[in-house]
$ cat data-v5.txt   # compact mmCIF, C-alpha atoms
# COMPACT_ATOMS: atom_id res chain seq x y z
CA MET A 1 -50.30 11.32 -0.36
CA PHE A 2 -51.47 13.86 2.24
CA ASN A 3 -48.28 15.86 2.32
CA PHE A 4 -50.06 19.05 1.41
CA LEU A 5 -51.72 18.78 4.82
CA ARG A 6 -48.42 18.30 6.62
CA GLY A 7 -46.64 21.27 5.08
CA LYS A 8 -43.09 20.98 3.76
CA ARG A 9 -42.00 17.69 2.28
CA SER A 10 -38.88 16.26 3.91
CA LYS A 11 -37.00 16.09 0.64
CA ASP A 12 -37.32 19.83 0.14
CA GLU A 13 -35.67 20.42 3.47
CA LEU A 14 -32.96 17.89 2.56
CA LYS A 15 -32.33 19.69 -0.74
CA ASP A 16 -31.88 23.02 1.03
CA ARG A 17 -29.53 21.53 3.61
CA LEU A 18 -27.52 19.61 1.04
CA SER A 19 -27.14 22.57 -1.32
CA LEU A 20 -25.83 24.70 1.54
CA VAL A 21 -23.46 22.16 3.07
CA ILE A 22 -22.09 21.26 -0.36
CA ALA A 23 -21.50 24.94 -1.12
CA TYR A 24 -19.44 25.19 2.10
CA ASP A 25 -17.62 21.95 1.27
CA ARG A 26 -16.71 23.21 -2.20
CA ALA A 27 -15.52 26.56 -0.89
CA GLN A 28 -13.61 24.75 1.87
CA ILE A 29 -15.01 27.06 4.51
CA PRO A 30 -16.25 25.88 7.90
CA PRO A 31 -19.92 26.96 8.14
CA GLY A 32 -19.23 28.43 11.60
CA THR A 33 -16.80 30.94 10.11
CA VAL A 34 -19.44 32.29 7.75
CA ASP A 35 -21.90 32.40 10.61
CA ALA A 36 -19.49 34.50 12.70
CA LEU A 37 -18.88 36.79 9.71
CA ARG A 38 -22.62 37.08 9.23
CA ARG A 39 -23.11 38.13 12.84
CA ASP A 40 -20.29 40.73 12.67
CA LEU A 41 -21.58 42.13 9.39
CA MET A 42 -25.09 42.39 10.73
CA GLU A 43 -23.83 44.23 13.79
CA VAL A 44 -22.11 46.84 11.60
CA VAL A 45 -25.10 47.10 9.29
CA GLN A 46 -27.41 47.63 12.27
CA ARG A 47 -25.20 50.47 13.47
CA TYR A 48 -25.74 52.39 10.23
CA PHE A 49 -29.13 51.16 9.13
CA PRO A 50 -31.20 49.94 12.05
CA ILE A 51 -33.74 48.36 9.77
CA GLU A 52 -35.15 44.89 10.02
CA GLY A 53 -34.94 42.46 7.15
CA SER A 54 -31.21 42.39 6.38
CA ASN A 55 -29.60 39.05 5.74
CA VAL A 56 -26.27 37.59 4.72
CA ASP A 57 -26.17 34.23 2.97
CA ILE A 58 -23.84 32.14 0.94
CA GLU A 59 -24.90 31.02 -2.50
CA GLN A 60 -23.54 28.84 -5.24
CA ARG A 61 -23.16 30.76 -8.52
CA GLY A 62 -21.86 28.53 -11.25
CA GLU A 63 -18.38 27.49 -10.22
CA THR A 64 -17.98 29.92 -7.36
CA VAL A 65 -19.51 30.32 -3.94
CA VAL A 66 -20.40 33.90 -3.06
CA LEU A 67 -21.42 35.74 0.05
CA VAL A 68 -24.58 37.70 -0.60
CA ALA A 69 -25.62 40.55 1.69
CA ASN A 70 -29.14 41.82 1.29
CA ILE A 71 -29.47 45.11 3.12
CA PRO A 72 -32.58 47.20 2.58
CA LEU A 73 -31.63 50.88 2.92
CA GLY A 74 -35.12 52.06 3.61
CA GLY A 75 -38.03 52.70 1.30
CA ARG A 76 -40.61 55.45 1.26
CA GLY A 77 -40.79 55.59 5.01
CA LYS A 78 -43.69 54.43 6.98
CA MET D 1 -19.09 6.72 -22.52
CA ASN D 2 -15.89 6.69 -24.54
CA ALA D 3 -13.76 5.82 -21.52
CA LYS D 4 -12.40 2.29 -21.66
CA VAL D 5 -11.11 2.42 -18.11
CA ILE D 6 -13.84 3.33 -15.65
CA VAL D 7 -13.57 3.57 -11.87
CA VAL D 8 -16.69 2.76 -9.82
CA THR D 9 -16.63 4.87 -6.71
CA SER D 10 -18.78 6.71 -4.17
CA GLY D 11 -16.88 8.10 -1.22
CA LYS D 12 -19.34 6.68 1.26
CA GLY D 13 -19.26 2.95 1.87
CA GLY D 14 -22.24 0.64 1.61
CA VAL D 15 -24.03 2.39 -1.25
CA GLY D 16 -23.59 -0.43 -3.76
CA LYS D 17 -20.22 0.10 -5.45
CA THR D 18 -19.30 -3.57 -5.59
CA THR D 19 -22.79 -4.62 -6.69
CA THR D 20 -22.69 -1.95 -9.40
CA THR D 21 -19.24 -3.07 -10.59
CA ALA D 22 -20.31 -6.72 -10.76
CA ASN D 23 -23.55 -5.97 -12.57
CA MET D 24 -22.15 -3.42 -15.00
CA GLY D 25 -19.32 -5.83 -15.80
CA ALA D 26 -21.68 -8.71 -16.43
CA ALA D 27 -24.08 -6.50 -18.41
CA LEU D 28 -21.36 -5.09 -20.68
CA ALA D 29 -20.03 -8.61 -21.29
CA LYS D 30 -23.56 -9.75 -22.16
CA LEU D 31 -23.70 -6.90 -24.66
CA GLY D 32 -20.60 -8.30 -26.34
CA GLU D 33 -17.67 -6.45 -24.78
CA LYS D 34 -14.59 -8.18 -23.41
CA VAL D 35 -14.62 -6.93 -19.82
CA VAL D 36 -12.43 -7.24 -16.77
CA VAL D 37 -13.60 -6.09 -13.34
CA ILE D 38 -10.77 -5.27 -10.96
CA ASP D 39 -11.05 -5.24 -7.17
CA VAL D 40 -8.74 -2.61 -5.72
CA ASP D 41 -9.99 -2.86 -2.15
CA VAL D 42 -6.77 -4.45 -0.88
CA GLY D 43 -7.36 -6.22 2.44
CA LEU D 44 -11.15 -6.02 2.15
CA ARG D 45 -11.88 -7.70 -1.14
CA ASN D 46 -15.50 -8.52 -1.88
CA LEU D 47 -16.02 -8.42 -5.61
CA ASP D 48 -15.07 -12.12 -5.73
CA VAL D 49 -17.87 -13.18 -3.37
CA VAL D 50 -20.45 -10.84 -4.87
CA MET D 51 -19.74 -12.45 -8.25
CA GLY D 52 -19.63 -15.95 -6.82
CA LEU D 53 -16.04 -16.53 -7.98
CA GLU D 54 -14.37 -16.70 -4.56
CA SER D 55 -13.51 -20.40 -4.76
CA ARG D 56 -11.42 -19.85 -7.88
CA VAL D 57 -9.08 -17.16 -6.56
CA VAL D 58 -5.44 -18.33 -6.63
CA PHE D 59 -3.40 -15.27 -7.50
CA ASP D 60 -4.30 -11.61 -7.08
CA LEU D 61 -3.39 -8.16 -8.34
CA ILE D 62 -0.50 -7.74 -5.89
CA ASP D 63 0.97 -11.11 -6.95
CA VAL D 64 0.97 -9.85 -10.54
CA LEU D 65 2.65 -6.57 -9.62
CA GLU D 66 5.29 -8.39 -7.56
CA GLY D 67 6.00 -10.78 -10.39
CA LYS D 68 4.78 -13.89 -8.56
CA CYS D 69 2.58 -14.82 -11.49
CA ARG D 70 1.67 -13.70 -14.96
CA LEU D 71 -1.29 -11.37 -15.42
CA SER D 72 -3.21 -14.03 -17.33
CA GLN D 73 -2.82 -16.44 -14.38
CA ALA D 74 -4.54 -14.03 -12.00
CA LEU D 75 -7.50 -13.40 -14.32
CA ILE D 76 -10.54 -15.49 -13.42
CA ARG D 77 -12.89 -16.17 -16.29
CA ASP D 78 -16.59 -16.10 -15.42
CA LYS D 79 -18.07 -19.24 -16.92
CA ARG D 80 -21.64 -17.89 -17.01
CA VAL D 81 -20.94 -14.95 -19.30
CA GLU D 82 -18.59 -15.01 -22.22
CA ASN D 83 -15.74 -12.50 -22.07
CA LEU D 84 -16.16 -11.54 -18.41
CA TYR D 85 -13.09 -11.70 -16.17
CA LEU D 86 -12.27 -10.83 -12.57
CA LEU D 87 -8.93 -9.63 -11.27
CA PRO D 88 -9.16 -10.01 -7.49
CA ALA D 89 -7.54 -7.85 -4.81
CA SER D 90 -5.22 -9.30 -2.22
CA GLN D 91 -6.96 -10.13 1.03
CA THR D 92 -3.82 -10.50 3.14
CA ARG D 93 -1.81 -7.43 2.23
CA ASP D 94 -2.44 -3.80 3.11
CA LYS D 95 -3.17 -0.87 0.87
CA ASP D 96 0.45 0.31 0.68
CA ALA D 97 1.31 -2.78 -1.35
CA LEU D 98 -0.40 -1.17 -4.36
CA SER D 99 1.10 1.97 -5.88
CA PRO D 100 -0.77 4.12 -8.41
CA GLU D 101 2.09 3.82 -10.93
CA ALA D 102 2.26 0.02 -10.73
CA PHE D 103 -1.51 -0.21 -11.02
CA LYS D 104 -1.53 2.05 -14.08
CA GLY D 105 1.02 -0.25 -15.66
CA ALA D 106 -1.13 -3.32 -15.04
CA VAL D 107 -4.17 -1.62 -16.57
CA ARG D 108 -2.13 -0.65 -19.61
CA THR D 109 -1.10 -4.29 -20.05
CA LEU D 110 -4.73 -5.42 -19.79
CA LEU D 111 -5.66 -3.04 -22.60
CA ASP D 112 -2.66 -3.57 -24.86
CA GLU D 113 -1.81 -7.23 -24.40
CA GLU D 114 -4.98 -8.92 -23.14
CA GLY D 115 -7.22 -6.96 -25.49
CA PHE D 116 -9.94 -5.90 -23.10
CA ASP D 117 -12.60 -3.52 -24.42
CA ARG D 118 -13.57 -2.24 -21.01
CA ILE D 119 -11.98 -2.21 -17.57
CA LEU D 120 -14.13 -1.54 -14.50
CA ILE D 121 -12.30 -0.75 -11.28
CA ASP D 122 -14.08 -1.29 -7.96
CA SER D 123 -12.71 1.44 -5.71
CA PRO D 124 -12.47 1.18 -1.93
CA ALA D 125 -14.63 3.57 0.10
CA GLY D 126 -13.08 6.78 1.32
CA ILE D 127 -11.00 9.51 -0.29
CA GLU D 128 -7.52 8.39 0.73
CA GLY D 129 -4.78 6.48 -1.05
CA GLY D 130 -6.89 3.47 -1.99
CA PHE D 131 -9.36 5.62 -3.86
CA LYS D 132 -6.60 7.63 -5.52
CA THR D 133 -4.86 4.48 -6.70
CA ALA D 134 -8.15 3.09 -8.05
CA ALA D 135 -8.83 6.33 -9.94
CA ALA D 136 -5.26 6.78 -11.23
CA PRO D 137 -5.67 4.87 -14.54
CA ALA D 138 -9.34 5.86 -15.04
CA GLU D 139 -10.61 7.93 -17.95
CA GLY D 140 -14.17 7.79 -16.72
CA ALA D 141 -16.06 7.27 -13.47
CA LEU D 142 -19.35 5.90 -12.31
CA VAL D 143 -20.21 7.60 -9.03
CA VAL D 144 -22.69 5.45 -7.13
CA VAL D 145 -25.03 7.51 -4.99
CA ASN D 146 -28.02 6.69 -2.80
CA PRO D 147 -30.77 9.31 -2.49
CA GLU D 148 -29.89 10.28 1.07
CA VAL D 149 -27.98 13.03 2.80
CA SER D 150 -24.55 11.53 3.52
CA SER D 151 -24.22 9.71 0.23
CA VAL D 152 -25.03 12.81 -1.85
CA ARG D 153 -22.63 14.98 0.13
CA ASP D 154 -19.82 12.44 -0.17
CA ALA D 155 -20.53 12.04 -3.89
CA ASP D 156 -19.91 15.77 -4.32
CA ARG D 157 -16.52 15.45 -2.63
CA ILE D 158 -15.61 12.48 -4.79
CA ILE D 159 -16.66 14.30 -7.98
CA GLY D 160 -14.36 17.18 -7.03
CA LEU D 161 -11.47 14.79 -6.44
CA LEU D 162 -12.11 12.94 -9.71
CA GLU D 163 -12.08 16.22 -11.62
CA ALA D 164 -8.80 17.12 -9.90
CA GLN D 165 -7.39 13.76 -11.07
CA GLN D 166 -8.36 14.61 -14.68
CA VAL D 167 -11.06 11.95 -14.93
CA ARG D 168 -13.01 13.28 -17.89
CA GLU D 169 -16.30 11.39 -18.09
CA ILE D 170 -18.13 11.33 -14.80
CA ARG D 171 -21.64 9.86 -14.56
CA LEU D 172 -23.95 9.07 -11.65
CA VAL D 173 -25.55 5.74 -10.92
CA ILE D 174 -28.42 6.43 -8.55
CA ASN D 175 -28.88 3.27 -6.53
CA ARG D 176 -31.56 2.15 -4.07
CA LEU D 177 -34.19 4.62 -5.18
CA ARG D 178 -37.61 4.00 -3.66
CA PRO D 179 -40.20 5.27 -6.15
CA LYS D 180 -42.97 5.43 -3.54
CA MET D 181 -40.94 7.67 -1.30
CA VAL D 182 -39.97 9.88 -4.24
CA ALA D 183 -43.65 10.16 -5.16
CA SER D 184 -44.56 11.21 -1.63
CA GLY D 185 -41.82 13.83 -1.54
CA ASN D 186 -39.75 12.07 1.08
CA MET D 187 -36.85 11.00 -1.11
CA LEU D 188 -34.70 12.90 -3.59
CA SER D 189 -35.54 12.14 -7.21
CA GLU D 190 -32.94 11.74 -9.95
CA GLY D 191 -33.74 15.31 -11.03
CA ASP D 192 -33.07 16.62 -7.52
CA ILE D 193 -29.72 14.84 -7.40
CA LEU D 194 -28.74 16.19 -10.82
CA GLU D 195 -29.67 19.67 -9.61
CA ILE D 196 -27.58 19.38 -6.44
CA LEU D 197 -24.51 17.67 -7.90
CA GLY D 198 -24.53 19.01 -11.44
CA VAL D 199 -23.55 15.60 -12.83
CA LYS D 200 -25.68 13.60 -15.23
CA PRO D 201 -27.15 10.28 -14.14
CA ILE D 202 -26.58 7.35 -16.45
CA GLY D 203 -28.73 4.92 -14.50
CA VAL D 204 -31.41 4.78 -11.83
CA VAL D 205 -31.66 1.51 -9.94
CA PRO D 206 -34.61 0.88 -7.66
CA GLU D 207 -34.29 -0.62 -4.20
CA ASP D 208 -34.86 -4.32 -4.78
CA GLU D 209 -34.72 -7.34 -2.47
CA GLY D 210 -33.69 -9.31 -5.53
CA ILE D 211 -30.21 -7.79 -5.23
CA LEU D 212 -29.68 -9.38 -1.83
CA VAL D 213 -30.84 -12.72 -3.19
CA SER D 214 -28.49 -12.43 -6.16
CA THR D 215 -25.52 -11.65 -3.91
CA ASN D 216 -26.52 -14.51 -1.58
CA ILE D 217 -26.12 -16.94 -4.44
CA GLY D 218 -23.21 -15.07 -6.04
CA GLU D 219 -24.88 -14.39 -9.36
CA PRO D 220 -24.97 -10.84 -10.78
CA ALA D 221 -28.58 -9.63 -10.94
CA VAL D 222 -28.32 -8.87 -14.66
CA LEU D 223 -28.14 -12.63 -15.27
CA GLY D 224 -31.52 -13.14 -13.58
CA LYS D 225 -34.88 -11.46 -13.73
CA THR D 226 -35.09 -8.65 -11.21
CA ARG D 227 -36.09 -5.02 -11.58
CA ALA D 228 -32.69 -3.89 -10.34
CA GLY D 229 -31.01 -6.23 -12.80
CA ALA D 230 -33.04 -4.75 -15.66
CA ALA D 231 -32.06 -1.25 -14.51
CA PHE D 232 -28.36 -2.20 -14.52
CA MET D 233 -28.79 -3.67 -18.00
CA ASP D 234 -30.33 -0.38 -19.20
CA THR D 235 -27.46 1.51 -17.55
CA ALA D 236 -24.91 -0.61 -19.44
CA ARG D 237 -26.70 0.13 -22.73
CA ARG D 238 -26.59 3.86 -22.00
CA LEU D 239 -22.91 3.54 -21.12
CA ARG D 240 -22.39 2.10 -24.60
CA GLY D 241 -24.11 5.10 -26.11
CA GLU D 242 -27.56 3.66 -26.72
CA ASP D 243 -30.49 5.96 -26.12
CA VAL D 244 -32.45 3.97 -23.57
CA PRO D 245 -35.45 5.72 -21.99
CA TYR D 246 -35.92 5.53 -18.24
CA PRO D 247 -38.86 3.28 -17.47
CA LYS D 248 -41.40 4.74 -15.13
CA LEU D 249 -40.51 3.20 -11.80
CA ASP D 250 -43.12 2.07 -9.39
CA ASP D 251 -42.84 -0.32 -6.51
CA GLY D 252 -44.46 -2.96 -8.61
CA GLY D 253 -47.42 -3.22 -6.32
CA GLY D 254 -49.61 -1.32 -3.95
CA PHE D 255 -53.18 -0.28 -4.25
CA MET D 256 -52.60 3.02 -6.05
CA ALA D 257 -50.31 1.42 -8.61
CA ALA D 258 -52.90 -1.26 -9.29
CA LEU D 259 -55.55 1.41 -9.61
CA ARG D 260 -53.43 3.42 -12.04
CA ARG D 261 -52.81 0.35 -14.15
CA LEU D 262 -56.50 -0.47 -14.08
CA PHE D 263 -57.32 2.92 -15.48
CA GLY D 264 -54.53 2.80 -18.00
CA GLY D 265 -52.33 5.41 -16.34
CA GLY D 266 -48.52 5.31 -16.30

$ encode --input "data-v5.txt" --output "structure tokens"
Amino acid sequence: MFNFLRGKRSKDELKDRLSLVIAYDRAQIPPGTVDALRRDLMEVVQRYFPIEGSNVDIEQRGETVVLVANIPLGGRGK
Amino acid sequence: MNAKVIVVTSGKGGVGKTTTTANMGAALAKLGEKVVVIDVDVGLRNLDVVMGLESRVVFDLIDVLEGKCRLSQALIRDKRVENLYLLPASQTRDKDALSPEAFKGAVRTLLDEEGFDRILIDSPAGIEGGFKTAAAPAEGALVVVNPEVSSVRDADRIIGLLEAQQVREIRLVINRLRPKMVASGNMLSEGDILEILGVKPIGVVPEDEGILVSTNIGEPAVLGKTRAGAAFMDTARRLRGEDVPYPKLDDGGGFMAALRRLFGGG
């Protein structure tokens, strides 16, 4: 009843975890492999664009699981 | 569901497959269908005890396939519900004694010669041979899932395997849902599970101590008066194509529920 005081509800966290692990299961990829790929990609990205805020995730899109890289290439400059 | 031959499965053990098979069988028979429930868990049979028919087992599925008896001799008629039969698994043999081809043949005979309207197959847990044999003759599947992490993940695996085996109609039976925990955001709701698995639920069965009592005495819950029994009955009606709304589940008690009722709320 007082969940709004406690922050995130446990089922929301479960949903996030399940969606991710099921996406890996369906793609038949060990999560550690994607994690290693993510680290390598980020290293290369940092070399060219040393900007914070890049991320690489896997997502379920319909029937397929895709790797999504979100790499901001700079805005109007600060 | 159009499927006459339906496998009841889950991947994970202990989520209520056998209870679901027994109750759906009894419910469909109550609704007028001629039903046989088949236990395929060779070596670990339990559908007989859950249904309270254990004392009447003489022959089993393996005996039929090996020609030790006729199919009709192995069928146990449930005396409480008209047109409900059990075909037990062998308790003494191992899983290799049952081949998918032989099992398909037996199911065909049950449809063609014994005239059953519906065949429910209680699958063993796991994703190995036993499950594959159980699913081999199935046109449809009831995937039993509990609203918790391992059961939902395993259900996704099983759904993938069922699709690979060309099982066309796949529906979820969400079992052991605790409405209070769903309301407080600490348990997945049926909508959450649909979203994660992408498969439609056909029934939502609340956690209910009445189920344990009904299995203690070996009487399917749909023959008594429990909330879970009523939910299985609704599920059977939906399986037959009836449009049965989902009743608003509450835990049947508690201060807030009483308060809501008092003020005429849901």

$ interface_residues --input "data-v5.txt" --of "chain A" --to "chain D" --cutoff "7 Å" --atoms "all atoms listed in the file" --output "compact mmCIF listing (two decimals) with C-alpha atoms, in the coordinates of the input"
# COMPACT_ATOMS: atom_id res chain seq x y z
CA MET A 1 -50.30 11.32 -0.36
CA ARG A 9 -42.00 17.69 2.28
CA SER A 10 -38.88 16.26 3.91
CA LYS A 11 -37.00 16.09 0.64
CA LEU A 14 -32.96 17.89 2.56
CA LEU A 18 -27.52 19.61 1.04
CA SER A 19 -27.14 22.57 -1.32
CA ILE A 22 -22.09 21.26 -0.36

$ atom_distance --input "data-v5.txt" --atom1 "CA of Val15 in chain D" --atom2 "CA of Ala23 in chain A"
22.7 Å

$ residues_around --input "data-v5.txt" --residues "range 74-78 of chain D" --least-positions-apart "3" --cutoff "6 Å" --atoms "all atoms listed in the file" --output "mmCIF file with C-alpha atoms, in the coordinates of the input"
data_model
loop_
_atom_site.group_PDB
_atom_site.id
_atom_site.type_symbol
_atom_site.label_atom_id
_atom_site.label_comp_id
_atom_site.auth_asym_id
_atom_site.auth_seq_id
_atom_site.Cartn_x
_atom_site.Cartn_y
_atom_site.Cartn_z
ATOM 1 C CA PHE D 59 -3.400 -15.270 -7.500
ATOM 2 C CA ASP D 60 -4.300 -11.610 -7.080
ATOM 3 C CA LEU D 71 -1.290 -11.370 -15.420
ATOM 4 C CA VAL D 81 -20.940 -14.950 -19.300
ATOM 5 C CA LEU D 84 -16.160 -11.540 -18.410
ATOM 6 C CA TYR D 85 -13.090 -11.700 -16.170
ATOM 7 C CA LEU D 86 -12.270 -10.830 -12.570
ATOM 8 C CA LEU D 87 -8.930 -9.630 -11.270
#

$ closest_residue --input "data-v5.txt" --among "A:Ile29, A:Met42, A:Ala69, A:Leu20" --to "Asp57 in chain A" --atoms "only C-alpha atoms"
A:Ala69

$ atom_distance --input "data-v5.txt" --atom1 "CA of Ile62 in chain D" --atom2 "CA of Glu139 in chain D"
22.2 Å

$ residues_around --input "data-v5.txt" --residues "Ile71 in chain A" --least-positions-apart "2" --cutoff "8 Å" --atoms "only C-alpha atoms" --output "list in words"
Val45, Gly53, Ser54, Asn55, Ala69 and Leu73 of chain A

$ closest_residue --input "data-v5.txt" --among "D:Leu98, D:Leu172, D:Val7, D:Ile211" --to "Gly130 in chain D" --atoms "only C-alpha atoms"
D:Leu98
